[in-house]
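Chemist: Before anything else, here's the structure in question.
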Amino acid sequence: MKITRSSSSNNAQYRMRTLTISVVLALAGCAPSNHSRVAESSNHTTQQFYGTDNPFVKEAVYFVMTDRFVDGDKTNNYPEQGGNLPSFDLPLYGDNGETANVGYLGGDLRGVLNNGQYISDMGFTAVWLTPVVDNPDQQFSGGEAIGFGGAFKDGGKSAYHGYWASNFYKIDEHYPSSDLDYKKYTSSMRDQHGLKTVFDVVANHGSPSFTMPVEQEKFGELYDENDQLVADHQNKPPEKLDPNNPLHQFYHTTADIMQLSNLDEDNAQLRDYLINSYLYWIEQGADAFRIDTIKHVPHHFWQEMAARVRALHPNFFMFAESYDYNANFIAQHTLAKNGGISVLDFPGQKAITDVFESSSSDFSDLLPYLHLTHGPYANPYELTTFYDNHDMPRMNASDTGFIDANNWLFTSRGIPVVYQGSEIGFMRGKAEHQGNRNYLGQANVELAKTHPIHDALAGIANVRKSSPALQNGLQVNLEFKGDFASFYRVIQKGDIAQTALVLLNKSAKTHRFNISKFLDAGTWTEMRFKQDTQVIEQGESLIAQVPGHSVHVWVRDEKVINESLKAELARLMAFK
């Protein structure tokens, strides 16, 4: 085994040599790549090893609560909106000076676009925004009053979160600017920063629709693409709706979630209304969908919706929230017969927070949620993985706990999703109305650029961004024990071949890894810190000293030759 350590002068020579080769290849009409290409033989006998055929698996998603990210344009804040039921800056006060807020606070498309390079530099390739469709303009006067730390109460809240649609075809006035509509936003994010856009869609409900002392404009109402009223709850409880009234026919006559209008997916006109609105936003530049509360709508709706979307946009990626920790339950949405829609990995979220919130945890506790074999999911590699979001308490970990969690999230199977502010441990441990959704702001974005969580996140996320194996490779687990974990990610598909060996250390001390199982001979390069290269002879081990709370990613850019590894990869391919 030979180990070499790169110097800055060698790096400069390498970059110059690479540039020269790139120019020659470009002039010859051949583009270089960041990884080796498999030379397929004429009889196409090369074995194929990969996670999924869906191209979206290469993405990493930064989740933005649109109103709570950055106020990039104060002209769309509308602080006086709502009259005697104002909707801007509605604080909730807790003990010890803690605050939350249920009013609009100014975040908008301009604020996201202004920070597109910040998001891209962190290693993300897509941004998921909470819904930007038109919502009511006042705080809701019905229901139970919300208080600090409260849940499942909508009284006194505004629609700052975006999930109370009154017009599924129209952008809410709080988000665009005079020179930045949604279509220009999506194209600018893509062209300027290489960032795709995930559009958040809802199908089970509109806005709060009854129990108001006096009926409020837009609440319980739906408008179409021409801004014409097509449905109106008229402040009536669901059981008082008249099935013969055309304005009531989009709604169920039974309640679902609090006072939210319960949309009737059995109504063909309602299905057309919703699905056509989703298609409209794809035309405006949406690259993928995140689906809210999917389990509240029967499978037949999602079958029709997915079929109609993919008839026009093949391979269009969708992932859904089924807020449940039972893998067998949430997996039903991933099946082709139910629309073939991926899901947020809630069982994984629970396992990840259990492990990385506690310094005495064991890496082996992560293994059960992966379902790499005999699993209920149509394809576990297409799941979106995360450790918290806007609907649950933020992960309550130390800085090193966040660093360890991100090292795992960006190397293990699935598509990583990180909620805004996690790069600084923002409001850690706080639930929805205790600070989880508090305004992040430009000051915190600037603070993040020198924060240790941010720095480590950017480091491993950018390794994934450049590594086909970490994006879409089969996961071959080696050892998960205590504070240490090791596994391979292997892709050999088409003209791509790469093996990544991931070594994770969540202890405070440096750990010596000695890896021999399934190890291929050849040149291995450490990509996280880009310091070492090891030339491994057949039968030798790869030895690495991984610092505390860190990760190494050793990459070999060649086809698999180890017969035992080939056999294990073939076994894993059979289960996905």
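Labels for the structure tokens follow display order: chains A, B, ..., residues from 1 in each chain, ligands from 1.
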Just the residues within 9 Å of Leu569 (chain A), please, counting only C-alpha atoms, with nothing from its chain fewer than 2 positions along; format it as a list in words.
Modeler: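 Those residues are Phe49, Tyr50, Leu474, Gln475, Val476, Val490, Ser564, Leu565, Lys566, Ala567, Arg571, Leu572, Met573 and Ala574 of chain A.
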Chemist: Could you give me, as a PDB file with N, CA and C atoms, in the first residue's frame, the residues within 7 Å of region 58-64 of chain A, counting only C-alpha atoms and dropping anything in the same chain fewer than 6 positions from it?
Modeler:
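Dumped to out_7.pdb:
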```pdb
ATOM      1  N   PHE A 124     -26.231  22.114  -2.037  1.00  0.00           N
ATOM      2  CA  PHE A 124     -27.600  21.761  -2.421  1.00  0.00           C
ATOM      3  C   PHE A 124     -27.806  22.009  -3.913  1.00  0.00           C
ATOM      4  N   THR A 125     -28.724  21.251  -4.486  1.00  0.00           N
ATOM      5  CA  THR A 125     -29.022  21.373  -5.913  1.00  0.00           C
ATOM      6  C   THR A 125     -30.484  21.665  -6.187  1.00  0.00           C
ATOM      7  N   ALA A 126     -31.313  21.723  -5.147  1.00  0.00           N
ATOM      8  CA  ALA A 126     -32.740  22.012  -5.297  1.00  0.00           C
ATOM      9  C   ALA A 126     -33.235  22.726  -4.052  1.00  0.00           C
ATOM     10  N   VAL A 127     -34.261  23.552  -4.234  1.00  0.00           N
ATOM     11  CA  VAL A 127     -34.878  24.269  -3.115  1.00  0.00           C
ATOM     12  C   VAL A 127     -36.365  23.957  -3.090  1.00  0.00           C
ATOM     13  N   TRP A 128     -36.823  23.446  -1.970  1.00  0.00           N
ATOM     14  CA  TRP A 128     -38.256  23.205  -1.755  1.00  0.00           C
ATOM     15  C   TRP A 128     -38.811  24.393  -0.987  1.00  0.00           C
ATOM     16  N   LEU A 129     -39.795  25.069  -1.592  1.00  0.00           N
ATOM     17  CA  LEU A 129     -40.490  26.180  -0.957  1.00  0.00           C
ATOM     18  C   LEU A 129     -41.834  25.708  -0.417  1.00  0.00           C
ATOM     19  N   THR A 130     -42.219  26.185   0.763  1.00  0.00           N
ATOM     20  CA  THR A 130     -43.597  25.990   1.201  1.00  0.00           C
ATOM     21  C   THR A 130     -44.517  26.674   0.188  1.00  0.00           C
ATOM     22  N   ILE A 415     -32.412  10.701  -0.690  1.00  0.00           N
ATOM     23  CA  ILE A 415     -32.215  12.076  -1.159  1.00  0.00           C
ATOM     24  C   ILE A 415     -32.272  12.997   0.061  1.00  0.00           C
ATOM     25  N   PRO A 416     -31.165  13.609   0.451  1.00  0.00           N
ATOM     26  CA  PRO A 416     -31.160  14.400   1.687  1.00  0.00           C
ATOM     27  C   PRO A 416     -31.949  15.693   1.571  1.00  0.00           C
ATOM     28  N   VAL A 417     -32.684  15.996   2.642  1.00  0.00           N
ATOM     29  CA  VAL A 417     -33.459  17.237   2.748  1.00  0.00           C
ATOM     30  C   VAL A 417     -33.085  17.902   4.075  1.00  0.00           C
ATOM     31  N   VAL A 418     -32.696  19.170   4.027  1.00  0.00           N
ATOM     32  CA  VAL A 418     -32.305  19.906   5.235  1.00  0.00           C
ATOM     33  C   VAL A 418     -33.149  21.170   5.334  1.00  0.00           C
ATOM     34  N   TYR A 419     -33.740  21.374   6.493  1.00  0.00           N
ATOM     35  CA  TYR A 419     -34.605  22.518   6.770  1.00  0.00           C
ATOM     36  C   TYR A 419     -33.762  23.760   7.050  1.00  0.00           C
ATOM     37  N   GLN A 420     -34.195  24.892   6.502  1.00  0.00           N
ATOM     38  CA  GLN A 420     -33.472  26.150   6.667  1.00  0.00           C
ATOM     39  C   GLN A 420     -33.103  26.387   8.131  1.00  0.00           C
ATOM     40  N   GLN A 471     -24.671   9.563  -4.685  1.00  0.00           N
ATOM     41  CA  GLN A 471     -25.995   9.952  -5.151  1.00  0.00           C
ATOM     42  C   GLN A 471     -26.877   8.735  -5.427  1.00  0.00           C
ATOM     43  N   ASN A 472     -26.329   7.744  -6.093  1.00  0.00           N
ATOM     44  CA  ASN A 472     -27.171   6.679  -6.633  1.00  0.00           C
ATOM     45  C   ASN A 472     -26.535   5.298  -6.524  1.00  0.00           C
TER      46      ASN A 472
END
```
Chemist: Using only C-alpha atoms, which residues sit within 10 Å of Thr411 (chain A) once same-chain residues fewer than 5 positions away are excluded, as number ranges by chain?
Modeler: A: 406, 416, 460-461, 463-464, 467, 469-471, 473, 475, 487-489, 500-504, 551, 553
Chemist: Neighbouring residues of Thr211 (chain A) were defined as those with any atom within 10 Å, considering only C-alpha atoms; residues of the same chain fewer than 2 positions away were excluded. Please report them as a PyMOL selection string.
Modeler: chain A and resi 140-144+155+208-209+213-215+235-237+259
Chemist: Pick from A:Lys153, A:Lys465, A:Lys576, A:Lys184: nearest to Ser120 (chain A), with only C-alpha atoms counted?
Modeler: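 Under the stated criterion, the closest residue is A:Lys465.
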